[in-house]
Structure formats: C-alpha cells, structure tokens
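A.B. asks: Here you go, this is protein-v1.cif (mmCIF, C-alpha atoms).
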data_my_file
#
loop_
_atom_site.label_atom_id
_atom_site.label_comp_id
_atom_site.auth_asym_id
_atom_site.auth_seq_id
_atom_site.Cartn_x
_atom_site.Cartn_y
_atom_site.Cartn_z
CA MET R 1344 4.48 -8.33 30.01
CA LYS R 1345 3.68 -11.29 27.76
CA LYS R 1346 6.73 -13.02 26.29
CA ILE R 1347 6.40 -15.31 23.26
CA ALA R 1348 9.08 -17.33 21.46
CA ILE R 1349 8.03 -18.32 17.95
CA THR R 1350 9.87 -21.46 16.88
CA GLY R 1351 9.81 -24.18 14.25
CA GLY R 1352 9.53 -21.95 11.20
CA LYS R 1353 11.42 -20.09 8.50
CA ILE R 1354 11.82 -16.46 9.57
CA TYR R 1355 11.91 -13.72 6.91
CA THR R 1356 13.25 -10.70 8.79
CA GLY R 1357 13.30 -8.35 5.80
CA GLU R 1358 17.07 -8.65 5.43
CA GLU R 1359 17.70 -12.36 5.91
CA VAL R 1360 16.01 -15.74 6.05
CA ALA R 1361 16.66 -17.52 9.35
CA GLU R 1362 16.06 -21.17 10.15
CA LYS R 1363 16.46 -23.07 13.43
CA LYS R 1364 15.96 -19.76 15.19
CA ALA R 1365 13.39 -18.39 17.62
CA LEU R 1366 11.78 -14.98 17.20
CA LEU R 1367 11.29 -13.39 20.60
CA LEU R 1368 8.37 -11.07 21.34
CA GLU R 1369 8.05 -9.01 24.49
CA GLY R 1370 4.77 -7.18 24.76
CA GLU R 1371 4.25 -5.05 21.64
CA ARG R 1372 7.85 -5.27 20.43
CA ILE R 1373 10.28 -7.72 18.89
CA ALA R 1374 12.96 -8.66 21.42
CA GLY R 1375 15.41 -10.42 19.12
CA LEU R 1376 16.33 -13.54 17.22
CA VAL R 1377 18.14 -16.39 19.01
CA ASP R 1378 19.04 -20.02 18.41
CA ALA R 1379 15.95 -22.11 18.96
CA ALA R 1380 17.83 -24.19 21.53
CA HIS R 1381 18.69 -21.10 23.60
CA VAL R 1382 15.37 -19.39 24.29
CA PRO R 1383 15.66 -17.55 27.62
CA PRO R 1384 13.40 -18.66 30.49
CA GLY R 1385 10.01 -17.08 30.91
CA TYR R 1386 8.87 -17.29 27.28
CA GLU R 1387 5.71 -19.02 26.09
CA HIS R 1388 6.64 -21.17 23.07
CA LEU R 1389 4.63 -21.07 19.84
CA ASP R 1390 5.76 -23.83 17.47
CA VAL R 1391 4.56 -22.97 13.95
CA GLN R 1392 5.47 -26.42 12.58
CA GLY R 1393 7.48 -25.48 9.52
CA ALA R 1394 5.49 -22.42 8.47
CA ASN R 1395 6.85 -19.10 7.19
CA ILE R 1396 7.09 -16.05 9.46
CA CYS R 1397 7.35 -12.46 8.24
CA ALA R 1398 6.38 -8.92 9.19
CA GLY R 1399 2.78 -7.86 8.84
CA LEU R 1400 1.98 -6.50 5.39
CA ILE R 1401 1.71 -2.79 4.51
CA ASP R 1402 -0.79 -1.52 1.91
CA LEU R 1403 -0.43 2.12 0.90
CA GLN R 1404 -3.53 2.16 -1.32
CA LEU R 1405 -6.93 0.67 -0.61
CA TYR R 1406 -10.44 2.08 -0.35
CA GLY R 1407 -12.33 -0.36 1.82
CA ASP R 1408 -12.80 -3.91 2.97
CA GLY R 1409 -15.70 -6.29 3.41
CA LYS R 1410 -18.88 -4.27 2.94
CA ASP R 1411 -17.33 -0.91 3.78
CA LEU R 1412 -16.16 1.58 1.16
CA TYR R 1413 -14.86 4.48 3.24
CA SER R 1414 -15.84 7.27 0.83
CA ALA R 1415 -19.45 6.03 0.88
CA GLU R 1416 -19.64 5.56 4.66
CA LEU R 1417 -17.38 8.29 6.10
CA SER R 1418 -17.64 6.94 9.65
CA VAL R 1419 -15.35 5.89 12.44
CA GLY R 1420 -17.29 2.63 12.58
CA ALA R 1421 -16.38 1.86 8.97
CA LEU R 1422 -12.72 2.59 9.68
CA GLU R 1423 -12.82 0.28 12.71
CA ARG R 1424 -14.33 -2.57 10.68
CA ILE R 1425 -11.92 -2.03 7.80
CA SER R 1426 -8.92 -2.00 10.16
CA ASP R 1427 -9.91 -5.20 11.93
CA GLY R 1428 -10.84 -6.93 8.68
CA LEU R 1429 -7.50 -6.11 7.10
CA ILE R 1430 -5.53 -7.34 10.11
CA ASN R 1431 -7.31 -10.68 9.87
CA LYS R 1432 -6.11 -10.90 6.25
CA GLY R 1433 -2.49 -10.18 7.20
CA THR R 1434 -2.38 -6.44 6.42
CA THR R 1435 -1.32 -4.87 9.71
CA SER R 1436 -0.67 -1.33 8.39
CA TYR R 1437 -2.60 0.52 5.69
CA MET R 1438 -3.25 3.88 4.10
CA MET R 1439 -6.96 4.55 3.63
CA THR R 1440 -7.41 6.00 0.15
CA LEU R 1441 -10.00 8.36 -1.29
CA ALA R 1442 -10.43 8.63 -5.04
CA THR R 1443 -11.36 11.92 -6.68
CA ASN R 1444 -14.48 13.29 -5.05
CA THR R 1445 -16.16 16.56 -4.14
CA MET R 1446 -14.28 18.92 -1.86
CA ALA R 1447 -17.06 18.44 0.68
CA VAL R 1448 -16.48 14.67 0.78
CA PHE R 1449 -12.73 15.11 1.00
CA LYS R 1450 -13.13 17.52 3.91
CA GLU R 1451 -15.57 15.27 5.76
CA ALA R 1452 -13.34 12.24 5.20
CA ILE R 1453 -10.37 14.15 6.60
CA GLN R 1454 -12.38 15.32 9.60
CA VAL R 1455 -13.66 11.83 10.43
CA ALA R 1456 -10.26 10.17 9.95
CA GLY R 1457 -8.62 12.90 12.03
CA GLY R 1458 -10.59 11.67 15.03
CA PHE R 1459 -9.85 7.98 14.40
CA HIS R 1460 -7.05 6.13 16.14
CA HIS R 1461 -6.00 2.59 15.33
CA ASP R 1462 -2.52 1.15 15.28
CA ALA R 1463 -3.05 -0.30 11.79
CA PHE R 1464 -4.19 3.04 10.32
CA LEU R 1465 -1.33 5.03 8.79
CA GLY R 1466 -3.38 7.97 7.53
CA LEU R 1467 -5.18 9.05 4.38
CA HIS R 1468 -4.00 8.80 0.79
CA LEU R 1469 -5.81 11.26 -1.49
CA GLU R 1470 -5.84 9.92 -5.04
CA GLY R 1471 -6.96 13.19 -6.58
CA PRO R 1472 -8.46 15.64 -7.24
CA PHE R 1473 -5.35 17.06 -8.98
CA LEU R 1474 -5.13 14.52 -11.80
CA ASN R 1475 -5.03 14.57 -15.60
CA PRO R 1476 -8.57 14.01 -16.94
CA THR R 1477 -7.22 12.22 -20.02
CA LYS R 1478 -5.99 9.47 -17.68
CA ARG R 1479 -8.87 9.59 -15.25
CA GLY R 1480 -9.71 5.86 -15.32
CA ALA R 1481 -12.71 5.41 -13.01
CA HIS R 1482 -12.45 8.96 -11.61
CA PRO R 1483 -15.30 11.33 -12.62
CA GLU R 1484 -13.96 13.93 -15.05
CA GLU R 1485 -16.16 16.69 -13.68
CA LEU R 1486 -14.56 16.39 -10.23
CA ILE R 1487 -10.94 16.57 -11.39
CA ILE R 1488 -9.74 20.13 -10.82
CA SER R 1489 -6.70 22.23 -11.68
CA PRO R 1490 -4.49 22.71 -8.62
CA THR R 1491 -3.84 26.12 -7.12
CA ARG R 1492 -2.23 27.20 -3.87
CA GLU R 1493 -5.67 28.29 -2.64
CA LEU R 1494 -7.27 24.89 -3.33
CA ILE R 1495 -4.37 23.07 -1.73
CA GLU R 1496 -4.66 25.24 1.36
CA GLU R 1497 -8.42 24.73 1.48
CA LEU R 1498 -7.91 20.97 1.39
CA LEU R 1499 -4.88 20.62 3.66
CA ALA R 1500 -4.83 23.59 6.06
CA GLY R 1501 -4.12 22.24 9.55
CA ASN R 1502 -3.73 18.74 8.14
CA LYS R 1503 -2.59 15.99 10.48
CA VAL R 1504 -4.08 12.89 8.86
CA VAL R 1505 -3.43 13.14 5.10
CA LYS R 1506 -0.06 11.46 4.58
CA MET R 1507 0.01 10.72 0.84
CA MET R 1508 -1.34 12.24 -2.38
CA THR R 1509 -1.42 11.08 -5.99
CA ILE R 1510 -1.01 13.94 -8.48
CA ALA R 1511 -0.44 14.52 -12.20
CA PRO R 1512 2.65 16.79 -12.14
CA GLU R 1513 2.28 17.91 -15.75
CA CYS R 1514 -0.98 19.61 -14.69
CA MET R 1515 0.69 21.52 -11.86
CA ALA R 1516 2.65 24.75 -12.20
CA PRO R 1517 6.18 24.53 -10.70
CA GLU R 1518 5.39 27.04 -7.94
CA VAL R 1519 2.21 25.13 -7.03
CA LEU R 1520 4.11 21.83 -6.84
CA GLU R 1521 6.72 23.49 -4.63
CA TYR R 1522 3.95 24.78 -2.37
CA LEU R 1523 2.38 21.31 -2.14
CA GLN R 1524 5.75 19.76 -1.29
CA GLY R 1525 5.86 22.07 1.71
CA TYR R 1526 3.12 19.98 3.32
CA GLN R 1527 5.57 17.06 3.64
CA LEU R 1528 3.24 14.48 2.11
CA LEU R 1529 4.39 11.37 0.31
CA LEU R 1530 3.66 12.51 -3.25
CA SER R 1531 3.05 9.97 -5.98
CA VAL R 1532 2.76 10.49 -9.74
CA GLY R 1533 -0.37 8.90 -11.12
CA HIS R 1534 -3.40 9.33 -13.38
CA SER R 1535 -0.91 11.20 -15.49
CA ASN R 1536 -0.28 11.69 -19.19
CA ALA R 1537 3.24 13.00 -18.59
CA THR R 1538 5.83 12.72 -21.32
CA PHE R 1539 9.16 11.11 -20.51
CA GLU R 1540 10.65 14.56 -19.93
CA GLU R 1541 7.78 15.72 -17.70
CA GLY R 1542 7.87 12.54 -15.64
CA THR R 1543 11.64 12.64 -15.26
CA ARG R 1544 11.48 16.28 -14.18
CA ALA R 1545 8.92 15.39 -11.48
CA TYR R 1546 11.17 12.69 -10.03
CA ASP R 1547 14.19 14.99 -10.26
CA LEU R 1548 12.21 17.54 -8.23
CA GLY R 1549 11.86 15.02 -5.43
CA ILE R 1550 8.60 13.13 -6.00
CA PRO R 1551 9.61 9.67 -4.80
CA THR R 1552 7.00 7.30 -6.18
CA SER R 1553 4.23 6.51 -8.66
CA THR R 1554 0.70 5.14 -8.40
CA HIS R 1555 -0.30 1.73 -9.82
CA LEU R 1556 2.34 1.27 -12.53
CA PHE R 1557 0.93 0.89 -16.07
CA ASN R 1558 -2.63 1.80 -15.00
CA ALA R 1559 -3.88 5.30 -15.87
CA MET R 1560 -0.54 6.63 -17.09
CA SER R 1561 1.12 7.39 -20.43
CA SER R 1562 2.39 4.09 -21.74
CA LEU R 1563 5.71 2.89 -23.06
CA HIS R 1564 5.95 3.56 -26.82
CA HIS R 1565 9.09 3.16 -28.86
CA ARG R 1566 9.10 6.83 -29.94
CA GLU R 1567 7.73 8.38 -26.72
CA VAL R 1568 8.33 6.18 -23.71
CA GLY R 1569 6.00 8.22 -21.53
CA LEU R 1570 5.65 7.98 -17.79
CA VAL R 1571 6.32 4.24 -17.73
CA GLY R 1572 9.64 4.86 -19.47
CA ALA R 1573 10.47 7.69 -17.06
CA ILE R 1574 9.83 5.38 -14.10
CA PHE R 1575 11.90 2.56 -15.59
CA ASN R 1576 14.85 4.80 -16.43
CA HIS R 1577 14.97 7.02 -13.35
CA PRO R 1578 17.45 5.86 -10.68
CA THR R 1579 15.22 6.64 -7.68
CA ALA R 1580 11.61 6.62 -8.92
CA CYS R 1581 9.57 3.96 -7.13
CA ALA R 1582 6.17 2.66 -8.17
CA SER R 1583 3.34 0.62 -6.75
CA ILE R 1584 1.80 -2.19 -8.76
CA ILE R 1585 -1.41 -4.22 -8.48
CA VAL R 1586 -0.65 -7.92 -8.75
CA ASP R 1587 -4.12 -9.36 -9.29
CA GLY R 1588 -3.69 -10.48 -12.91
CA HIS R 1589 -6.49 -8.13 -14.05
CA HIS R 1590 -5.14 -4.59 -13.63
CA VAL R 1591 -1.75 -5.71 -14.96
CA SER R 1592 -0.80 -8.98 -16.61
CA PHE R 1593 1.64 -11.15 -14.72
CA GLU R 1594 4.08 -10.87 -17.63
CA ALA R 1595 4.02 -7.07 -17.28
CA VAL R 1596 4.80 -7.44 -13.57
CA LYS R 1597 7.74 -9.65 -14.48
CA ILE R 1598 9.08 -7.04 -16.93
CA ALA R 1599 8.64 -4.24 -14.39
CA LYS R 1600 10.40 -6.21 -11.68
CA LYS R 1601 13.40 -6.85 -13.93
CA GLN R 1602 13.59 -3.15 -14.78
CA MET R 1603 13.03 -1.73 -11.32
CA GLY R 1604 14.23 -4.21 -8.72
CA GLU R 1605 13.76 -2.81 -5.22
CA ARG R 1606 11.96 0.29 -6.54
CA LEU R 1607 8.79 -1.72 -7.21
CA PHE R 1608 6.34 -2.44 -4.38
CA MET R 1609 2.86 -3.84 -4.08
CA ILE R 1610 -0.53 -2.33 -3.31
CA THR R 1611 -3.97 -3.87 -3.65
CA ASP R 1612 -6.05 -0.88 -4.83
CA ALA R 1613 -8.80 -2.90 -3.16
CA VAL R 1614 -12.35 -1.60 -2.98
CA ALA R 1615 -15.60 -2.99 -1.58
CA ALA R 1616 -18.91 -3.69 -3.25
CA CYS R 1617 -20.93 -0.48 -3.18
CA ASP R 1618 -24.24 0.59 -4.70
CA LYS R 1619 -24.39 4.19 -3.46
CA GLY R 1620 -22.47 7.39 -3.94
CA ILE R 1621 -20.09 8.30 -6.76
CA TYR R 1622 -18.22 4.99 -6.89
CA GLN R 1623 -20.59 2.06 -7.37
CA HIS R 1624 -18.35 -0.98 -7.54
CA VAL R 1625 -19.64 -4.22 -9.04
CA LEU R 1626 -17.71 -7.46 -8.50
CA ASN R 1627 -16.73 -9.12 -11.76
CA ASP R 1628 -14.60 -12.23 -12.18
CA GLY R 1629 -11.78 -11.37 -9.78
CA TYR R 1630 -11.97 -7.55 -9.84
CA TYR R 1631 -14.37 -4.65 -9.38
CA ALA R 1632 -15.77 -2.43 -12.13
CA LEU R 1633 -18.10 0.52 -12.43
CA PRO R 1634 -21.58 -0.22 -13.84
CA ASP R 1635 -20.31 0.85 -17.29
CA GLY R 1636 -17.60 -1.82 -17.17
CA THR R 1637 -14.62 0.45 -16.36
CA ILE R 1638 -12.22 -1.42 -14.09
CA SER R 1639 -12.35 0.38 -10.75
CA GLY R 1640 -10.55 -1.62 -8.10
CA ALA R 1641 -9.09 -4.91 -6.99
CA ALA R 1642 -10.69 -7.75 -5.07
CA ILE R 1643 -7.55 -9.28 -3.55
CA SER R 1644 -5.78 -8.95 -0.24
CA LEU R 1645 -2.11 -8.01 -0.12
CA PHE R 1646 -1.35 -11.52 1.09
CA GLU R 1647 -2.96 -12.87 -2.10
CA GLY R 1648 -0.73 -10.44 -4.00
CA VAL R 1649 2.33 -12.02 -2.38
CA LYS R 1650 1.05 -15.43 -3.43
CA ASN R 1651 0.56 -14.21 -7.01
CA CYS R 1652 4.07 -12.74 -7.10
CA VAL R 1653 5.52 -16.11 -6.15
CA GLN R 1654 3.25 -18.49 -8.03
CA GLN R 1655 2.38 -16.46 -11.15
CA VAL R 1656 5.32 -14.07 -11.63
CA GLY R 1657 8.17 -16.20 -10.31
CA ILE R 1658 9.46 -13.70 -7.75
CA PRO R 1659 11.26 -15.42 -4.84
CA LEU R 1660 9.24 -15.46 -1.63
CA ASP R 1661 11.68 -13.32 0.34
CA GLU R 1662 11.54 -10.59 -2.32
CA ALA R 1663 7.73 -10.79 -2.65
CA ILE R 1664 7.56 -10.27 1.10
CA ARG R 1665 9.85 -7.23 0.90
CA MET R 1666 7.65 -5.75 -1.84
CA SER R 1667 4.75 -5.70 0.62
CA THR R 1668 6.62 -4.88 3.84
CA LEU R 1669 10.10 -3.38 3.76
CA TYR R 1670 9.80 -1.27 0.61
CA PRO R 1671 6.54 0.53 1.48
CA ALA R 1672 7.80 1.03 5.05
CA LYS R 1673 10.90 2.77 3.72
CA LEU R 1674 8.78 5.05 1.54
CA ILE R 1675 6.84 6.29 4.55
CA HIS R 1676 10.04 6.48 6.65
CA ARG R 1677 8.96 3.89 9.20
CA SER R 1678 11.73 1.65 10.53
CA ASP R 1679 9.52 0.03 13.20
CA ILE R 1680 7.21 -1.82 10.80
CA GLY R 1681 7.82 -3.93 7.71
CA ASN R 1682 10.66 -5.88 9.32
CA LEU R 1683 11.38 -8.20 12.25
CA ASN R 1684 14.28 -6.26 13.72
CA LEU R 1685 14.97 -5.73 17.40
CA GLY R 1686 12.60 -3.07 18.74
CA SER R 1687 10.17 -3.16 15.81
CA LEU R 1688 6.47 -3.58 16.44
CA ALA R 1689 5.46 -7.20 16.90
CA ASN R 1690 3.21 -7.22 13.84
CA LEU R 1691 3.71 -10.45 11.92
CA ILE R 1692 2.03 -13.18 9.97
CA VAL R 1693 2.60 -16.91 9.88
CA PHE R 1694 1.64 -18.87 6.78
CA THR R 1695 2.16 -22.24 5.15
CA ASP R 1696 4.08 -22.95 1.96
CA ASP R 1697 0.75 -23.21 0.11
CA PHE R 1698 -0.21 -19.72 1.35
CA LYS R 1699 -2.67 -20.48 4.09
CA LEU R 1700 -2.61 -17.96 6.94
CA LYS R 1701 -2.05 -19.75 10.26
CA TYR R 1702 -1.61 -16.80 12.60
CA VAL R 1703 -1.68 -13.03 12.60
CA ILE R 1704 0.04 -11.34 15.52
CA PHE R 1705 -0.72 -7.66 16.00
CA LYS R 1706 1.22 -5.65 18.57
CA GLY R 1707 2.23 -8.91 20.22
CA GLU R 1708 -1.32 -10.25 20.50
CA LEU R 1709 -2.36 -13.42 18.67
CA ARG R 1710 -5.39 -12.54 16.51
CA PHE R 1711 -6.05 -16.06 15.24
#
Please express what this file holds, its structure, as structure tokens.
C.D. replies:
Amino acid sequence: MKKIAITGGKIYTGEEVAEKKALLLEGERIAGLVDAAHVPPGYEHLDVQGANICAGLIDLQLYGDGKDLYSAELSVGALERISDGLINKGTTSYMMTLATNTMAVFKEAIQVAGGFHHDAFLGLHLEGPFLNPTKRGAHPEELIISPTRELIEELLAGNKVVKMMTIAPECMAPEVLEYLQGYQLLLSVGHSNATFEEGTRAYDLGIPTSTHLFNAMSSLHHREVGLVGAIFNHPTACASIIVDGHHVSFEAVKIAKKQMGERLFMITDAVAACDKGIYQHVLNDGYYALPDGTISGAAISLFEGVKNCVQQVGIPLDEAIRMSTLYPAKLIHRSDIGNLNLGSLANLIVFTDDFKLKYVIFKGELRF
C-alpha cells in the first residue's frame, strides 16, 4: 500500500487550518495529521513548498465538460471523459445534471448512467421536468410538464442512479410532493415562481436546498419577498450559487453570504459547447448562452469559483473551500469526502496562493 506524507503546506481540513503539519495518506484513505517533524517511517514525502492543501471539490450541478454535453451524447464514453476532465480541474466528485428534456432522453440518460461506474460520479441530478414555465430560463417551455404520481413513477421506477431533482413546489400537489419524497432524493427548489409563503412551506415540509440562488426564481421585492426571501429567512434552507460574475453579480453573492452563512454553497452550472440537440450552447464572454442570447450555463470550473469567492467577493479562503467541499458533502450525507479527516477518501488538491493548481490527488493517486 502506497504511503504519502504531504508536507510544507497550509492544510485546510474542513474544520481547521493546520500549518507545520503533515497529511498522511495510506492507499485510498487519509491516515491522519501529524507534526511535520514526526512523520512515521515508510512514507514517501511530498513537499508542496508553501502551497495550500484541501479536499477535492464537489459540484452538485454541471452538464458537461470539454466538448461533451451529456444530454447530447448520452454515452458512457462521454461520462468517462467528463469525469477525468473534471478531476484534472480539481473537481473530484460531481453530480451529472440533465436539464428539462423529453421523457425518452431522461430515460436513456438514466439507463446509460446506471451502467457507469466512476469514483468521481455521484449520480444524476434531474433539473426538471417538473418546473414552473414562468421561470423556465433556458428550459424549453413545451417540455415542462405538470407532475403526477404516474409520471414520477414512470421516470423513477427502479431508480438507483438519480440522486437529486430540482422542482417547483408550487406546481406540485401536496400528495404528489409527498410521493416524490418517498424516493429519498435530494430535492431542490428551483425554476420556481413561489411566493414567500409557498417557498417557506416547501422548506418546512423537508426540502433541504435550492437551485442556483437568484437565477430562475421569484425575486426579492419589498412587498413580496418571493423565493429569495423565503431562502434568506428560513433557518435550514440551503441554496447553491454560481460564482462566475455573469449569472449573479459578485455583490449579490456577498449579500447572500451575509444572509445565509453556512447554508450557501457553490455549483458551477457548467455546460459545454454544443451545436446539436435541444440545448445548443454558444460561448460568449465568460459564459454560455443559447443562440437567442438566453444565458444557459457557466464556463468556469469550481476551482475558479473558489478563486472568485476569495478575490472578487472577499470570502476568506477557508470558507470558500467549505462552500465547495464540506457543505455540499453534508447535503448528500457523505462524511468521507469534502474533508481531510481520518478515514476519508484521499481526494485532495494542492494550489498556490495565486490559484494555480499544482497537484490533484484522487483516491491516493497523484494525477498531476
């Protein structure tokens, strides 16, 4: 079993920042944190020369990477390329997302992903089709459908790979929502025109989180504070946010962070350039849009989001790291990723103070 001692850096464990320590890796797992002067014998030393060390990043919403948009390819090969490409950018765990599509595409995507195994792949996130058409964003209105128990069963019967779903709760009857909750998915409120009362009721009923805060949701108004107000005011409602400076201004991120604290986490909402199928994404200046100009996805990595949080929003580095590691890991109830604790998977990144990736270690193996 390979043993590595990572030394000479600042270690962000998820709970503390440790200096003059060594992070011990044994095979695929983290074996502990010790004084740098007291590394046990038998370890290969990796001196990172003053760089920062943290857990590999976790992205709960992205659609592709490189030249592969999963919904347009629907192949194991595309998932393999996306997984490896993301790891090389510092994202060592991700949820492959499908925007609103035909039931046939959803079913094929679920079938293909059900036969795919990769340690970075967490499962599928279905962003639709049970959304509010008035807040559809880039989603085709004709493919957004009203949820019923029968449609949910058609989509999810025997499901083992869909782990997350974005829904508009105000468009869902209480008994239908209760039925959907029986599938034990991570439900997220998004593409929703919910009032403050409707949004609050959804969180009170146990929906834990929200999809891309501010984007495609009823906004904060001084007489009807909408879904944004419900998220801000609810004690447990979490929300993802896209920190690319295009989907949401950096000042809005700053406001949200002050309101929400640990309830706010990062996603990329990243897509890939695509000229076929329903979603034809065109790269603009720093983001993707549909041919008609509708903003449709991000063009950043999660690591670039961490950089933006620190340099553009003013969030301390340790908290920006938690927003892309610890907080999403807690949402999906994984204690073995998103931190550098004893026994956790040895997924980590090493980067300089000016945000250059030096190393990515995945399951104890040095990727670069």
A.B. asks: Give me the result of the PyMOL selection byres ((chain R and resi 1467) around 8) on this file, residue by residue, as a list in words.
C.D. replies: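 So the PyMOL selection byres ((chain R and resi 1467) around 8), applied here, picks out Met1438, Met1439, Thr1440, Leu1441, Ile1453, Ala1456, Leu1465, Gly1466, His1468, Leu1469, Val1504, Val1505, Lys1506 and Met1507 of chain R.
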A.B. asks: Using only C-alpha atoms, what does the table of segment 1603-1659 of chain R residues within 10 Å of segment 1566-1581 of chain R look like, with each row giving the shortest atom pair and its distance in Å to one decimal, sorted by chain and ascending number, as CSV?
C.D. replies:
residue,atom,partner,partner_atom,distance
R:Met1603,CA,R:Phe1575,CA,6.2
R:Gly1604,CA,R:Cys1581,CA,9.5
R:Glu1605,CA,R:Cys1581,CA,8.2
R:Arg1606,CA,R:Cys1581,CA,4.4
R:Leu1607,CA,R:Cys1581,CA,5.7
R:Phe1608,CA,R:Cys1581,CA,7.7
A.B. asks: Go ahead and save the picked residues with C-alpha atoms, as a tab-separated table (two decimals), keeping the file's coordinate frame.
C.D. replies:
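Just written: selection-v8.tsv:
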chain	number	residue	atom	x	y	z
R	1603	MET	CA	13.03	-1.73	-11.32
R	1604	GLY	CA	14.23	-4.21	-8.72
R	1605	GLU	CA	13.76	-2.81	-5.22
R	1606	ARG	CA	11.96	0.29	-6.54
R	1607	LEU	CA	8.79	-1.72	-7.21
R	1608	PHE	CA	6.34	-2.44	-4.38
A.B. asks: Which distance in Å separates atom CA of Pro1383 of chain R and atom CA of Ile1396 of chain R, to one decimal?
C.D. replies: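 Interatomic distance, atom CA of Pro1383 of chain R to atom CA of Ile1396 of chain R: 20.1 Å.
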A.B. asks: Specify as a count of residues only each residue included when the PyMOL selection byres ((chain R and resi 1448) around 12) is applied to this file.
C.D. replies: 27
A.B. asks: Interatomic distance between atom CA of Gly1542 of chain R and atom CA of Gly1648 of chain R?
C.D. replies: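 Between these atoms lies a distance of 27.2 Å.
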A.B. asks: Expanded to explicit residues, what is the PyMOL selection byres ((chain R and resi 1707-1710) around 8) for this file, as a ChimeraX atom specification?
C.D. replies: /R:1368-1372,1431,1688-1690,1702-1706,1711
A.B. asks: Which is closest to Asn1536 of chain R among R:Ser1592, R:Ser1644, R:Thr1477, R:Thr1552, if we use all atoms listed in the file?
C.D. replies: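 The answer is R:Thr1477, which sits nearest to Asn1536 of chain R.
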A.B. asks: Pick from R:Ser1639, R:Gln1527, R:Asn1651, R:Asn1684: nearest to Ile1550 of chain R, with all atoms listed in the file counted?
C.D. replies: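 Closest to Ile1550 of chain R of all the choices is R:Gln1527.
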A.B. asks: Expressed in Å to a single decimal, how great is the separation between atom CA of Ala1616 of chain R and atom CA of Gln1404 of chain R?
C.D. replies: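 Here the two named atoms are 16.6 Å from each other.
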A.B. asks: Choose the residue, out of R:Ala1582, R:Ala1516, R:Leu1528, R:Val1596, that has the smallest atom-to-atom separation from Cys1652 of chain R; count all atoms listed in the file.
C.D. replies: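 Closest to Cys1652 of chain R of all the choices is R:Val1596.
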A.B. asks: Which residue, R:Met1508, R:Ala1599, R:Ala1374, R:Ala1545, has the smallest gap to Leu1530 of chain R when you use all atoms listed in the file?
C.D. replies: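 Once distances to Leu1530 of chain R are computed over all atoms listed in the file, the minimum belongs to R:Met1508.
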A.B. asks: Near Ala1641 of chain R, counting only C-alpha atoms, which residues have an atom at most 7 Å away, once you skip same-chain residues fewer than 5 positions from it, shown as number ranges by chain?
C.D. replies: R: 1611-1614, 1630-1631
A.B. asks: Nearest to Ala1632 of chain R among R:Ala1348, R:Ala1481, R:Val1391, R:Val1656, with distances taken over all atoms listed in the file: which residue is it?
C.D. replies: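 Among R:Ala1348, R:Ala1481, R:Val1391, R:Val1656, it is R:Ala1481 that comes nearest to Ala1632 of chain R.
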A.B. asks: Could you tell me which of R:Gly1458, R:Gly1393, R:Pro1671, R:Pro1483 comes closest to Pro1551 of chain R if we count all atoms listed in the file?
C.D. replies: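 Among R:Gly1458, R:Gly1393, R:Pro1671, R:Pro1483, it is R:Pro1671 that comes nearest to Pro1551 of chain R.
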A.B. asks: Write out as a PyMOL selection string the residues lying within 8 Å of Leu1645 of chain R, counting all atoms listed in the file and excluding same-chain residues fewer than 6 positions away.
C.D. replies: chain R and resi 1400-1402+1433-1434+1609-1611+1667
A.B. asks: Would you give the centre and edge lengths, in Å to one decimal, of a box along x, y and z around the listed atoms of segment 1397-1403 of chain R, with 8 Å added to each side, as lines of an AutoDock Vina configuration file?
C.D. replies:
center_x = 3.3
center_y = -5.2
center_z = 5.0
size_x = 24.1
size_y = 30.6
size_z = 24.3
A.B. asks: If I put a ball of radius 8 Å at (-5.1, 0.0, 14.2) in the file's coordinates, which residues poke into it when counting all atoms listed in the file, written as a list in words?
C.D. replies: Glu1423, Ser1426, Asp1427, Thr1435, Ser1436, His1460, His1461, Asp1462, Ala1463 and Phe1464 of chain R
